[in-house]
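Quick look at input_21.cif (mmCIF, C-alpha atoms):
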```cif
data_start
#
loop_
_atom_site.label_atom_id
_atom_site.label_comp_id
_atom_site.auth_asym_id
_atom_site.auth_seq_id
_atom_site.Cartn_x
_atom_site.Cartn_y
_atom_site.Cartn_z
CA MET Q 1 44.56 -47.46 -23.68
CA SER Q 2 43.37 -44.05 -24.85
CA LEU Q 3 42.54 -43.29 -28.48
CA ILE Q 4 45.26 -40.64 -28.57
CA LYS Q 5 47.80 -39.32 -26.12
CA PRO Q 6 50.43 -36.58 -25.84
CA PHE Q 7 54.08 -37.39 -26.49
CA ALA Q 8 57.53 -35.82 -26.41
CA GLY Q 9 58.24 -35.07 -30.05
CA LEU Q 10 61.61 -35.04 -31.77
CA ARG Q 11 61.77 -31.66 -33.48
CA PRO Q 12 64.20 -29.28 -35.15
CA VAL Q 13 65.40 -26.47 -32.93
CA ARG Q 14 63.58 -23.22 -33.70
CA GLU Q 15 66.28 -21.69 -35.87
CA ARG Q 16 66.56 -24.84 -38.02
CA ALA Q 17 62.85 -25.64 -38.55
CA GLU Q 18 62.64 -24.12 -42.01
CA ASP Q 19 65.91 -25.80 -43.06
CA VAL Q 20 64.76 -29.21 -41.84
CA MET Q 21 61.12 -29.48 -42.89
CA ALA Q 22 60.51 -31.15 -46.23
CA PRO Q 23 57.67 -32.25 -48.50
CA PRO Q 24 56.17 -35.66 -47.71
CA TYR Q 25 58.47 -38.46 -48.80
CA ASP Q 26 55.91 -39.95 -51.20
CA VAL Q 27 55.09 -36.92 -53.35
CA LEU Q 28 58.52 -36.61 -54.97
CA SER Q 29 60.40 -38.80 -57.39
CA ARG Q 30 63.96 -39.77 -56.56
CA GLU Q 31 65.32 -37.17 -58.98
CA GLU Q 32 63.02 -34.44 -57.64
CA ALA Q 33 64.16 -35.21 -54.08
CA LYS Q 34 67.81 -35.10 -55.15
CA GLN Q 35 67.33 -31.67 -56.66
CA LYS Q 36 65.55 -30.32 -53.60
CA VAL Q 37 68.42 -31.15 -51.21
CA ILE Q 38 71.08 -29.34 -53.21
CA GLY Q 39 72.42 -26.73 -50.81
CA HIS Q 40 70.18 -28.04 -48.00
CA PRO Q 41 72.25 -30.33 -45.75
CA TRP Q 42 69.64 -30.36 -42.97
CA SER Q 43 66.65 -31.24 -45.17
CA PHE Q 44 64.58 -34.06 -43.73
CA LEU Q 45 64.62 -35.64 -47.18
CA HIS Q 46 68.01 -37.04 -46.19
CA ILE Q 47 66.06 -39.19 -43.70
CA SER Q 48 62.74 -39.74 -45.49
CA ARG Q 49 64.36 -40.36 -48.91
CA PRO Q 50 67.87 -41.52 -47.95
CA GLU Q 51 68.52 -43.10 -51.35
CA ILE Q 52 69.30 -39.58 -52.60
CA GLY Q 53 72.61 -39.81 -50.73
CA LEU Q 54 73.59 -43.04 -52.50
CA PRO Q 55 74.56 -43.83 -56.11
CA ASP Q 56 71.66 -43.95 -58.56
CA GLU Q 57 72.18 -47.64 -59.22
CA VAL Q 58 71.32 -48.47 -55.59
CA ASP Q 59 67.73 -49.67 -55.40
CA GLN Q 60 65.51 -47.43 -53.27
CA TYR Q 61 64.53 -50.46 -51.15
CA ALA Q 62 68.08 -51.76 -50.63
CA PRO Q 63 69.21 -52.38 -47.02
CA GLN Q 64 71.86 -49.65 -47.21
CA VAL Q 65 69.12 -47.10 -47.93
CA TYR Q 66 67.49 -47.69 -44.54
CA ALA Q 67 70.88 -47.76 -42.82
CA LYS Q 68 71.56 -44.35 -44.38
CA ALA Q 69 68.30 -43.01 -42.93
CA ALA Q 70 69.29 -44.17 -39.43
CA GLU Q 71 72.74 -42.63 -39.86
CA MET Q 72 71.27 -39.27 -40.91
CA LEU Q 73 68.76 -39.19 -38.04
CA VAL Q 74 71.53 -39.83 -35.50
CA SER Q 75 73.68 -37.18 -37.17
CA LEU Q 76 71.00 -34.49 -36.93
CA GLN Q 77 70.43 -35.36 -33.29
CA SER Q 78 74.14 -35.37 -32.50
CA ASP Q 79 74.78 -31.94 -34.02
CA GLY Q 80 71.84 -30.41 -32.17
CA THR Q 81 69.63 -29.86 -35.21
CA LEU Q 82 66.96 -32.18 -33.79
CA SER Q 83 66.00 -32.24 -30.13
CA THR Q 84 63.41 -34.14 -28.09
CA ASP Q 85 60.93 -32.03 -26.14
CA PRO Q 86 61.45 -32.31 -22.37
CA GLN Q 87 57.85 -33.35 -21.63
CA SER Q 88 54.91 -35.00 -23.29
CA CYS Q 89 52.51 -32.58 -24.92
CA TYR Q 90 50.07 -32.09 -27.74
CA TYR Q 91 50.81 -29.72 -30.61
CA ALA Q 92 48.50 -27.42 -32.53
CA TYR Q 93 49.51 -27.41 -36.19
CA ARG Q 94 48.34 -24.75 -38.63
CA ILE Q 95 48.88 -24.66 -42.40
CA TRP Q 96 48.33 -21.49 -44.42
CA VAL Q 97 48.21 -21.53 -48.23
CA ASP Q 98 46.81 -18.53 -50.06
CA THR Q 99 43.49 -17.82 -48.32
CA HIS Q 100 43.05 -21.35 -46.98
CA VAL Q 101 43.94 -22.10 -43.36
CA GLN Q 102 43.43 -25.26 -41.34
CA THR Q 103 44.40 -25.92 -37.74
CA GLY Q 104 44.78 -29.44 -36.42
CA LEU Q 105 46.16 -31.54 -33.61
CA VAL Q 106 49.45 -33.44 -33.56
CA ALA Q 107 49.17 -36.50 -31.32
CA VAL Q 108 50.08 -40.16 -31.26
CA ALA Q 109 47.15 -42.47 -31.95
CA SER Q 110 46.48 -45.97 -30.68
CA VAL Q 111 47.57 -48.87 -32.87
CA ASP Q 112 45.05 -51.06 -31.01
CA ALA Q 113 42.26 -48.66 -32.01
CA TYR Q 114 43.47 -48.83 -35.61
CA ASP Q 115 43.60 -52.62 -35.53
CA ALA Q 116 40.11 -52.76 -34.01
CA GLY Q 117 38.65 -50.44 -36.67
CA ARG Q 118 37.91 -47.48 -34.43
CA ILE Q 119 40.48 -45.54 -36.42
CA LYS Q 120 38.95 -46.23 -39.79
CA GLN Q 121 40.65 -46.67 -43.12
CA HIS Q 122 39.18 -46.36 -46.58
CA GLU Q 123 41.92 -47.57 -48.92
CA LEU Q 124 43.96 -50.71 -49.47
CA THR Q 125 47.72 -50.38 -49.37
CA ARG Q 126 50.30 -51.43 -51.95
CA PRO Q 127 52.51 -54.19 -50.52
CA GLU Q 128 55.89 -52.80 -51.57
CA LYS Q 129 55.07 -49.36 -50.16
CA GLU Q 130 53.90 -50.80 -46.85
CA ASP Q 131 57.04 -52.96 -46.60
CA ASP Q 132 59.14 -49.87 -47.27
CA ARG Q 133 57.62 -48.00 -44.32
CA VAL Q 134 58.12 -51.01 -42.03
CA ARG Q 135 61.81 -51.11 -42.92
CA GLN Q 136 62.10 -47.35 -42.46
CA MET Q 137 60.52 -47.40 -38.99
CA ASP Q 138 62.61 -50.38 -37.96
CA ALA Q 139 65.81 -48.73 -39.15
CA VAL Q 140 65.34 -45.34 -37.47
CA ASN Q 141 63.25 -46.66 -34.55
CA ALA Q 142 60.88 -43.76 -35.07
CA GLN Q 143 57.90 -42.59 -37.08
CA THR Q 144 59.16 -39.66 -39.08
CA SER Q 145 56.15 -38.94 -41.28
CA PRO Q 146 52.68 -38.40 -39.78
CA VAL Q 147 49.46 -40.10 -40.75
CA LEU Q 148 46.91 -37.50 -41.83
CA MET Q 149 43.58 -38.13 -40.08
CA THR Q 150 40.25 -36.40 -39.82
CA TYR Q 151 37.39 -36.24 -37.34
CA LYS Q 152 33.86 -34.94 -37.54
CA ALA Q 153 34.12 -31.31 -36.46
CA ASN Q 154 34.01 -30.99 -32.67
CA GLU Q 155 33.37 -27.61 -31.03
CA THR Q 156 35.38 -28.37 -27.89
CA LEU Q 157 38.51 -29.55 -29.69
CA ASP Q 158 38.28 -26.93 -32.41
CA THR Q 159 38.00 -24.17 -29.79
CA ILE Q 160 41.03 -25.45 -27.86
CA LEU Q 161 43.13 -25.52 -31.02
CA ALA Q 162 41.98 -22.04 -32.06
CA ARG Q 163 42.88 -20.64 -28.64
CA ALA Q 164 46.29 -22.32 -28.69
CA ALA Q 165 46.98 -20.63 -32.02
CA GLU Q 166 46.26 -17.16 -30.61
CA SER Q 167 49.72 -16.96 -29.03
CA PRO Q 168 52.99 -16.56 -30.97
CA PRO Q 169 53.89 -19.92 -32.59
CA ASP Q 170 56.76 -22.06 -31.36
CA VAL Q 171 57.52 -22.83 -35.01
CA ASN Q 172 56.86 -20.56 -37.96
CA ALA Q 173 58.30 -21.92 -41.20
CA ILE Q 174 57.56 -21.16 -44.84
CA ALA Q 175 57.86 -23.91 -47.42
CA GLU Q 176 58.02 -23.83 -51.20
CA GLY Q 177 54.96 -22.21 -52.73
CA ASN Q 178 54.71 -19.78 -49.81
CA VAL Q 179 52.94 -22.40 -47.68
CA MET Q 180 53.27 -21.51 -43.99
CA HIS Q 181 53.54 -24.22 -41.33
CA GLN Q 182 53.06 -23.18 -37.70
CA LEU Q 183 53.30 -25.22 -34.50
CA TRP Q 184 52.28 -24.52 -30.92
CA LEU Q 185 53.14 -26.74 -27.96
CA ILE Q 186 50.18 -27.51 -25.69
CA THR Q 187 51.76 -28.41 -22.35
CA ASP Q 188 49.09 -27.42 -19.82
CA GLN Q 189 47.99 -30.65 -18.14
CA VAL Q 190 44.35 -29.64 -17.75
CA THR Q 191 44.12 -28.74 -21.43
CA CYS Q 192 45.88 -31.94 -22.48
CA ASP Q 193 43.50 -34.00 -20.37
CA THR Q 194 40.52 -32.21 -21.94
CA ILE Q 195 41.85 -32.98 -25.42
CA THR Q 196 42.36 -36.64 -24.54
CA ARG Q 197 38.83 -36.96 -23.11
CA THR Q 198 37.26 -35.07 -26.01
CA VAL Q 199 38.84 -37.30 -28.65
CA GLU Q 200 38.13 -40.41 -26.56
CA ALA Q 201 34.43 -39.51 -26.70
CA MET Q 202 34.45 -39.44 -30.50
CA PRO Q 203 33.05 -42.58 -32.06
CA SER Q 204 35.79 -42.73 -34.69
CA LEU Q 205 38.79 -41.15 -36.28
CA TYR Q 206 39.46 -41.55 -40.01
CA VAL Q 207 42.71 -42.08 -41.87
CA ALA Q 208 42.71 -39.54 -44.67
CA ASP Q 209 46.22 -39.93 -46.07
CA GLY Q 210 48.98 -42.23 -44.88
CA HIS Q 211 47.40 -45.69 -45.07
CA HIS Q 212 50.82 -47.24 -45.69
CA ARG Q 213 52.29 -45.51 -42.63
CA ALA Q 214 49.40 -46.58 -40.42
CA ALA Q 215 49.53 -50.18 -41.63
CA ALA Q 216 53.30 -50.24 -41.19
CA ALA Q 217 53.01 -48.85 -37.66
CA SER Q 218 50.64 -51.71 -36.81
CA ARG Q 219 53.11 -54.29 -38.11
CA VAL Q 220 56.03 -52.69 -36.28
CA ALA Q 221 54.03 -52.57 -33.04
CA ALA Q 222 53.19 -56.28 -33.37
CA LYS Q 223 56.89 -57.11 -33.77
CA HIS Q 224 57.86 -55.05 -30.73
CA LYS Q 225 55.06 -56.56 -28.68
CA ALA Q 226 56.11 -60.11 -29.57
CA ALA Q 227 59.70 -59.36 -28.63
CA ASN Q 228 58.87 -57.68 -25.30
CA PRO Q 229 58.05 -60.10 -22.45
CA HIS Q 230 57.12 -57.11 -20.27
CA HIS Q 231 54.74 -55.51 -22.76
CA THR Q 232 52.15 -53.26 -21.07
CA GLY Q 233 50.42 -51.55 -24.00
CA GLU Q 234 51.68 -48.11 -23.03
CA GLU Q 235 55.04 -48.32 -24.78
CA PRO Q 236 55.63 -45.72 -27.53
CA TYR Q 237 55.49 -48.39 -30.24
CA ASN Q 238 51.80 -48.90 -29.41
CA TYR Q 239 51.00 -45.49 -30.92
CA PHE Q 240 51.62 -43.87 -34.28
CA LEU Q 241 52.35 -40.28 -35.24
CA SER Q 242 49.30 -38.43 -36.55
CA VAL Q 243 47.95 -35.02 -37.42
CA MET Q 244 44.17 -34.66 -37.38
CA PHE Q 245 41.93 -31.92 -38.75
CA ALA Q 246 38.19 -31.34 -38.65
CA HIS Q 247 36.54 -32.85 -41.72
CA CYS Q 248 35.16 -29.49 -42.84
CA ASP Q 249 38.68 -28.07 -43.14
CA MET Q 250 39.97 -30.82 -45.40
CA HIS Q 251 40.41 -30.32 -49.14
CA ILE Q 252 40.46 -33.35 -51.45
CA PHE Q 253 41.82 -33.21 -54.99
CA GLU Q 254 41.27 -35.89 -57.59
CA TYR Q 255 43.82 -38.70 -57.91
CA ASN Q 256 44.32 -39.25 -61.62
CA ARG Q 257 45.62 -42.28 -63.52
CA VAL Q 258 48.21 -42.84 -66.26
CA VAL Q 259 48.72 -46.17 -68.06
CA ARG Q 260 51.89 -47.33 -69.79
CA ASP Q 261 50.35 -48.99 -72.88
CA LEU Q 262 47.04 -49.72 -74.62
CA ASN Q 263 47.12 -53.45 -73.85
CA GLY Q 264 48.09 -54.35 -77.40
CA LEU Q 265 45.32 -52.28 -79.01
CA THR Q 266 45.78 -49.75 -81.77
CA GLN Q 267 44.57 -46.24 -81.00
CA GLN Q 268 41.47 -46.73 -83.15
CA ALA Q 269 40.66 -50.13 -81.65
CA PHE Q 270 41.01 -48.64 -78.19
CA LEU Q 271 38.65 -45.78 -79.03
CA ASP Q 272 36.16 -48.23 -80.55
CA LYS Q 273 36.09 -50.24 -77.33
CA LEU Q 274 35.61 -47.08 -75.29
CA GLU Q 275 32.56 -46.13 -77.32
CA GLU Q 276 30.84 -49.33 -76.24
CA VAL Q 277 30.81 -48.02 -72.66
CA PHE Q 278 31.27 -44.25 -72.87
CA GLN Q 279 30.15 -41.33 -74.93
CA VAL Q 280 33.52 -40.22 -76.33
CA THR Q 281 33.78 -36.55 -77.34
CA PRO Q 282 36.97 -34.81 -78.50
CA SER Q 283 37.77 -31.77 -76.37
CA PRO Q 284 39.65 -28.70 -77.67
CA HIS Q 285 41.14 -28.16 -74.20
CA PRO Q 286 42.25 -30.29 -71.23
CA TYR Q 287 39.09 -31.84 -69.84
CA ARG Q 288 38.54 -31.75 -66.11
CA PRO Q 289 35.34 -33.57 -65.11
CA THR Q 290 32.59 -31.47 -63.56
CA CYS Q 291 30.47 -34.29 -62.11
CA ASN Q 292 30.46 -37.98 -61.30
CA GLY Q 293 30.45 -40.35 -64.26
CA GLU Q 294 32.66 -38.09 -66.38
CA PHE Q 295 36.35 -38.53 -67.15
CA GLY Q 296 38.97 -36.65 -69.08
CA MET Q 297 41.34 -38.63 -71.31
CA TYR Q 298 44.62 -37.56 -72.90
CA LEU Q 299 45.74 -39.76 -75.79
CA LYS Q 300 48.30 -39.08 -78.53
CA GLY Q 301 48.28 -35.32 -77.97
CA HIS Q 302 44.49 -35.00 -77.84
CA TRP Q 303 41.97 -34.58 -75.02
CA TYR Q 304 38.60 -36.31 -74.86
CA ARG Q 305 35.56 -36.19 -72.60
CA LEU Q 306 34.33 -39.63 -71.56
CA ALA Q 307 30.79 -39.84 -70.20
CA LEU Q 308 29.77 -43.24 -68.86
CA HIS Q 309 26.52 -44.55 -70.31
CA SER Q 310 23.83 -44.51 -67.62
CA ARG Q 311 23.31 -48.27 -67.79
CA HIS Q 312 26.79 -48.72 -66.29
CA THR Q 313 26.33 -46.48 -63.26
CA SER Q 314 25.76 -47.90 -59.77
CA THR Q 315 24.13 -47.01 -56.47
CA ASP Q 316 26.54 -49.12 -54.40
CA LEU Q 317 28.58 -47.03 -51.93
CA VAL Q 318 31.97 -47.93 -53.40
CA ALA Q 319 31.04 -49.09 -56.89
CA LYS Q 320 29.48 -45.71 -57.72
CA LEU Q 321 32.71 -43.80 -57.04
CA ASP Q 322 34.48 -42.64 -60.18
CA VAL Q 323 37.71 -44.36 -59.14
CA SER Q 324 35.71 -47.62 -59.11
CA LEU Q 325 33.79 -46.94 -62.30
CA LEU Q 326 36.98 -46.24 -64.25
CA THR Q 327 38.52 -49.49 -63.03
CA GLU Q 328 35.40 -51.58 -63.58
CA HIS Q 329 34.59 -50.36 -67.08
CA LEU Q 330 37.92 -49.30 -68.58
CA LEU Q 331 41.13 -50.09 -66.74
CA ASN Q 332 40.28 -53.73 -66.11
CA PRO Q 333 38.30 -54.94 -69.14
CA ILE Q 334 39.92 -52.79 -71.83
CA LEU Q 335 43.45 -52.06 -70.61
CA GLY Q 336 43.93 -55.28 -68.65
CA ILE Q 337 44.79 -53.64 -65.33
CA LYS Q 338 43.67 -56.41 -62.99
CA GLU Q 339 45.18 -55.26 -59.71
CA LEU Q 340 45.81 -51.56 -59.04
CA ARG Q 341 47.86 -52.36 -55.95
CA CYS Q 342 50.71 -54.09 -57.74
CA ASP Q 343 50.46 -53.61 -61.53
CA ASP Q 344 53.46 -51.56 -62.67
CA ARG Q 345 51.66 -50.53 -65.87
CA ILE Q 346 49.58 -47.99 -63.97
CA GLY Q 347 50.69 -44.78 -62.27
CA PHE Q 348 48.87 -42.27 -60.09
CA VAL Q 349 49.08 -38.48 -60.41
CA GLY Q 350 47.77 -36.08 -57.77
CA GLY Q 351 45.38 -33.45 -59.08
CA ILE Q 352 47.61 -30.70 -57.71
CA ARG Q 353 50.04 -31.44 -60.57
CA GLY Q 354 47.48 -30.14 -63.03
CA ARG Q 355 47.52 -30.47 -66.80
CA ALA Q 356 51.27 -31.02 -67.04
CA GLY Q 357 51.11 -33.96 -64.64
CA LEU Q 358 48.98 -35.84 -67.15
CA GLU Q 359 50.25 -34.54 -70.48
CA ASN Q 360 53.99 -34.78 -69.85
CA PRO Q 361 54.18 -38.56 -69.18
CA VAL Q 362 52.14 -39.22 -72.34
CA ASP Q 363 54.02 -36.73 -74.52
CA SER Q 364 57.35 -38.17 -73.39
CA GLY Q 365 56.29 -41.69 -74.34
CA GLU Q 366 56.63 -42.96 -70.78
CA MET Q 367 52.87 -43.49 -70.66
CA ALA Q 368 50.33 -44.10 -73.42
CA VAL Q 369 47.18 -42.58 -71.94
CA ALA Q 370 46.08 -40.44 -68.99
CA PHE Q 371 42.73 -40.07 -67.25
CA SER Q 372 41.45 -37.20 -65.11
CA LEU Q 373 38.77 -37.91 -62.49
CA PHE Q 374 36.20 -36.03 -60.45
CA PRO Q 375 37.37 -35.78 -56.81
CA ILE Q 376 35.83 -37.79 -53.99
CA THR Q 377 34.19 -35.77 -51.20
CA MET Q 378 34.86 -35.97 -47.46
CA ASP Q 379 31.30 -37.18 -46.91
CA GLU Q 380 31.89 -40.04 -49.35
CA LEU Q 381 35.18 -40.92 -47.67
CA MET Q 382 33.63 -41.09 -44.19
CA ALA Q 383 30.58 -42.99 -45.44
CA VAL Q 384 32.81 -45.65 -46.99
CA ALA Q 385 34.91 -45.91 -43.82
CA ASP Q 386 31.82 -46.05 -41.58
CA ALA Q 387 30.46 -48.90 -43.67
CA HIS Q 388 33.79 -50.74 -43.25
CA GLU Q 389 34.20 -50.69 -47.01
CA ILE Q 390 37.39 -50.03 -48.95
CA MET Q 391 38.03 -47.74 -51.89
CA PRO Q 392 40.50 -48.60 -54.64
CA PRO Q 393 44.08 -47.59 -53.81
CA LYS Q 394 45.10 -44.01 -54.52
CA SER Q 395 41.56 -42.64 -54.47
CA THR Q 396 42.21 -39.33 -52.69
CA TRP Q 397 44.85 -36.61 -52.81
CA PHE Q 398 44.79 -34.11 -49.96
CA GLU Q 399 46.11 -30.56 -50.10
CA PRO Q 400 47.81 -28.79 -48.48
CA LYS Q 401 50.36 -31.44 -47.58
CA LEU Q 402 51.80 -31.87 -44.11
CA ALA Q 403 55.52 -31.20 -43.74
CA ASP Q 404 57.85 -34.06 -42.88
CA GLY Q 405 60.37 -33.38 -40.13
CA LEU Q 406 58.51 -30.85 -37.99
CA VAL Q 407 57.66 -33.52 -35.40
CA SER Q 408 58.75 -37.17 -35.21
CA HIS Q 409 57.76 -39.90 -32.75
CA LEU Q 410 60.49 -42.03 -31.18
CA LEU Q 411 59.55 -45.66 -30.57
CA ASP Q 412 61.49 -46.13 -27.34
#
```
Encoded form (C-alpha cells):
Amino acid sequence: MSLIKPFAGLRPVRERAEDVMAPPYDVLSREEAKQKVIGHPWSFLHISRPEIGLPDEVDQYAPQVYAKAAEMLVSLQSDGTLSTDPQSCYYAYRIWVDTHVQTGLVAVASVDAYDAGRIKQHELTRPEKEDDRVRQMDAVNAQTSPVLMTYKANETLDTILARAAESPPDVNAIAEGNVMHQLWLITDQVTCDTITRTVEAMPSLYVADGHHRAAAASRVAAKHKAANPHHTGEEPYNYFLSVMFAHCDMHIFEYNRVVRDLNGLTQQAFLDKLEEVFQVTPSPHPYRPTCNGEFGMYLKGHWYRLALHSRHTSTDLVAKLDVSLLTEHLLNPILGIKELRCDDRIGFVGGIRGRAGLENPVDSGEMAVAFSLFPITMDELMAVADAHEIMPPKSTWFEPKLADGLVSHLLD
C-alpha cells in the first residue's frame, strides 16, 4: 500500500465552485455558519455544518444532523452541482492571500501509514469532536474536509506542483477576505507515478491540522475492514483526504486560551497566585508575547504581561512549549483545568481572530480571563512528531485555511 495515491474527487462543477466552497467546518460557531449560508443554497456548510438547517434546539450531535448532511450531499450530486471526476488524479492546490502564496498537493493518504506512525501526529484529539467526524463520515460515506499535512520541502515534488500551476487553473475561486483558491488536475500517468514515488521515498508526512479527521478516518476504515470479508487494503476507505504543503510554506499562528471562571478565586487572590510563578506587569495595550515564556492576559478589562520565572522553564521537548508551560503552571494548579481535552470551562481561540477574539468573550461575561501565547514553529512541530511525543490539544492554528467542498473523497 502506497503512502499516498491519486483518486477521483467529488467536486463542484466549474461554474459552481465559488458558490460551493466554504470555510472549514470547525472555525465557525453555529450562529456564524447560519449567517454565512443566507442567500447561499449551494454552500458546503449545508453538508459540513448541517445543524444550521435544523431548529436551534436540535443538538449539533443529534442523529438527524448527520442524516441532514447525507441528504444535502445527495441533493447537490443529483442537481449536478457536485460531480465525480472521470479518472483518478492528483490535484495541485494553491492558496493566495495578500502577498502569501502556497502550492500543495491534494491526495488520499494511507490510513495504515497513519496507524503505523509514518504519518505523524503531534496533538491529542478531543473525544466528542472525533466522534462527531466518525458519525459524519459514516452518514455521508465520504470525507468532505481534508486533513492538512506537511512534508519537509522536496525539490522534485515542489517543482512538479509549480509546473502544474503554470497552466490556467481548473478552479479559480475567491473566498471571503479576498483569499483565492486555485486547483489544477494532474492526470498525466507518468507525472502521477513520479509524485507517488517521490512521496513514498519521504521518511514521514506530518499532520498539521485535522487530527480529529485523521483519527476518525482510521476508526471508519477499521469498521469497514471488519465488515468486508473481501478486504484487500486498496478500497477507498483505506485512505483519507489530505492536502499537503512543504513545511517552509506553512504559517502557524498562536492558539490562545479563554477560561470561564477563576476557579472560585477573587480577582486579587488570582493575581496573588500568579505572582508566585510569573512576573505580572500591567500593560496599557493588548499584550502579544514576543518570545517563549511570555503570555498576555486579559482580565476584567485590563491587559497584563506574564513572564514565567526562569526556575519554572524546561528543556524537555514538549514541556518547554508555551502551551505546556501555561497548562503546567497556571491552567492546572491555579484554575483547576485538569484535562484540556474534555473540560468545558476552557475554550480555544485562533490567533487570526486577534484582539477581539480574546476581549469580547471576557467583556461579555461568557469567559472570565483570556491568555495570548507565542506561536509554535514548524521546526518544533516536526521535532515533537519525530520524537513520537504529543503536544497539548489545540496547540497550533494554521493560516490560510483550506476550503471545504472543493474536493471530497468518496469511500466506495
- Task: Using the chain letters and numbering of this document, enumerate as an MDAnalysis selection string the residues selected by the PyMOL selection byres ((chain Q and resi 131-137) around 12).
- Result: chainID Q and resid 25:26 47:51 59:71 73 125:130 138:147 210:224 237 240:241 408:412
Ground truth for the PyMOL selection byres ((chain Q and resi 186) around 12), written as a PDB file with C-alpha atoms, in the coordinates of the input:
```
ATOM      1  CA  PRO Q   6      50.430 -36.580 -25.840  1.00  0.00           C
ATOM      2  CA  PHE Q   7      54.080 -37.390 -26.490  1.00  0.00           C
ATOM      3  CA  ALA Q   8      57.530 -35.820 -26.410  1.00  0.00           C
ATOM      4  CA  GLY Q   9      58.240 -35.070 -30.050  1.00  0.00           C
ATOM      5  CA  ASP Q  85      60.930 -32.030 -26.140  1.00  0.00           C
ATOM      6  CA  GLN Q  87      57.850 -33.350 -21.630  1.00  0.00           C
ATOM      7  CA  SER Q  88      54.910 -35.000 -23.290  1.00  0.00           C
ATOM      8  CA  CYS Q  89      52.510 -32.580 -24.920  1.00  0.00           C
ATOM      9  CA  TYR Q  90      50.070 -32.090 -27.740  1.00  0.00           C
ATOM     10  CA  TYR Q  91      50.810 -29.720 -30.610  1.00  0.00           C
ATOM     11  CA  ALA Q  92      48.500 -27.420 -32.530  1.00  0.00           C
ATOM     12  CA  TYR Q  93      49.510 -27.410 -36.190  1.00  0.00           C
ATOM     13  CA  LEU Q 105      46.160 -31.540 -33.610  1.00  0.00           C
ATOM     14  CA  VAL Q 106      49.450 -33.440 -33.560  1.00  0.00           C
ATOM     15  CA  ALA Q 107      49.170 -36.500 -31.320  1.00  0.00           C
ATOM     16  CA  ILE Q 160      41.030 -25.450 -27.860  1.00  0.00           C
ATOM     17  CA  LEU Q 161      43.130 -25.520 -31.020  1.00  0.00           C
ATOM     18  CA  ALA Q 162      41.980 -22.040 -32.060  1.00  0.00           C
ATOM     19  CA  ARG Q 163      42.880 -20.640 -28.640  1.00  0.00           C
ATOM     20  CA  ALA Q 164      46.290 -22.320 -28.690  1.00  0.00           C
ATOM     21  CA  ALA Q 165      46.980 -20.630 -32.020  1.00  0.00           C
ATOM     22  CA  SER Q 167      49.720 -16.960 -29.030  1.00  0.00           C
ATOM     23  CA  PRO Q 169      53.890 -19.920 -32.590  1.00  0.00           C
ATOM     24  CA  ASP Q 170      56.760 -22.060 -31.360  1.00  0.00           C
ATOM     25  CA  LEU Q 183      53.300 -25.220 -34.500  1.00  0.00           C
ATOM     26  CA  TRP Q 184      52.280 -24.520 -30.920  1.00  0.00           C
ATOM     27  CA  LEU Q 185      53.140 -26.740 -27.960  1.00  0.00           C
ATOM     28  CA  THR Q 187      51.760 -28.410 -22.350  1.00  0.00           C
ATOM     29  CA  ASP Q 188      49.090 -27.420 -19.820  1.00  0.00           C
ATOM     30  CA  GLN Q 189      47.990 -30.650 -18.140  1.00  0.00           C
ATOM     31  CA  VAL Q 190      44.350 -29.640 -17.750  1.00  0.00           C
ATOM     32  CA  THR Q 191      44.120 -28.740 -21.430  1.00  0.00           C
ATOM     33  CA  CYS Q 192      45.880 -31.940 -22.480  1.00  0.00           C
ATOM     34  CA  ASP Q 193      43.500 -34.000 -20.370  1.00  0.00           C
ATOM     35  CA  THR Q 194      40.520 -32.210 -21.940  1.00  0.00           C
ATOM     36  CA  ILE Q 195      41.850 -32.980 -25.420  1.00  0.00           C
TER      37      ILE Q 195
END
```
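The space separating atom CA of Val108 of chain Q from atom CA of Leu205 of chain Q comes to 12.4 Å.
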- Ala22 of chain Q surroundings by all atoms listed in the file, 6 Å radius, close-in-sequence under 6 positions cut, as a PyMOL selection string: chain Q and resi 44+403-404
- Message: Report, in Å to a single decimal, how far apart atom CA of Tyr114 of chain Q and atom CA of Tyr151 of chain Q are.
- Response: 14.1 Å
- If you measure from atom CA of Leu265 of chain Q to atom CA of Lys338 of chain Q, what distance in Å do you get, rounded to one decimal? 16.6 Å
- Message: Please determine, counting all atoms listed in the file, which residue among Q:Asn256, Q:Thr315, Q:Thr198, Q:Thr81 has the shortest atom-to-atom distance to Gly354 of chain Q.
- Response: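 Checking each candidate against Gly354 of chain Q, we get Q:Asn256 as the closest.
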Neighbouring residues of Leu271 of chain Q were defined as those with any atom within 12 Å, considering only C-alpha atoms; residues of the same chain fewer than 4 positions away were excluded. Please report them as an mmCIF file with C-alpha atoms, in the frame of the given file.
```
data_model
loop_
_atom_site.group_PDB
_atom_site.id
_atom_site.type_symbol
_atom_site.label_atom_id
_atom_site.label_comp_id
_atom_site.auth_asym_id
_atom_site.auth_seq_id
_atom_site.Cartn_x
_atom_site.Cartn_y
_atom_site.Cartn_z
ATOM 1 C CA LEU Q 262 47.040 -49.720 -74.620
ATOM 2 C CA LEU Q 265 45.320 -52.280 -79.010
ATOM 3 C CA THR Q 266 45.780 -49.750 -81.770
ATOM 4 C CA GLN Q 267 44.570 -46.240 -81.000
ATOM 5 C CA GLU Q 275 32.560 -46.130 -77.320
ATOM 6 C CA GLU Q 276 30.840 -49.330 -76.240
ATOM 7 C CA VAL Q 277 30.810 -48.020 -72.660
ATOM 8 C CA PHE Q 278 31.270 -44.250 -72.870
ATOM 9 C CA GLN Q 279 30.150 -41.330 -74.930
ATOM 10 C CA VAL Q 280 33.520 -40.220 -76.330
ATOM 11 C CA THR Q 281 33.780 -36.550 -77.340
ATOM 12 C CA PRO Q 282 36.970 -34.810 -78.500
ATOM 13 C CA MET Q 297 41.340 -38.630 -71.310
ATOM 14 C CA TYR Q 298 44.620 -37.560 -72.900
ATOM 15 C CA LEU Q 299 45.740 -39.760 -75.790
ATOM 16 C CA LYS Q 300 48.300 -39.080 -78.530
ATOM 17 C CA TYR Q 304 38.600 -36.310 -74.860
ATOM 18 C CA ARG Q 305 35.560 -36.190 -72.600
ATOM 19 C CA LEU Q 306 34.330 -39.630 -71.560
ATOM 20 C CA LEU Q 330 37.920 -49.300 -68.580
ATOM 21 C CA ILE Q 334 39.920 -52.790 -71.830
ATOM 22 C CA LEU Q 335 43.450 -52.060 -70.610
ATOM 23 C CA VAL Q 369 47.180 -42.580 -71.940
#
```
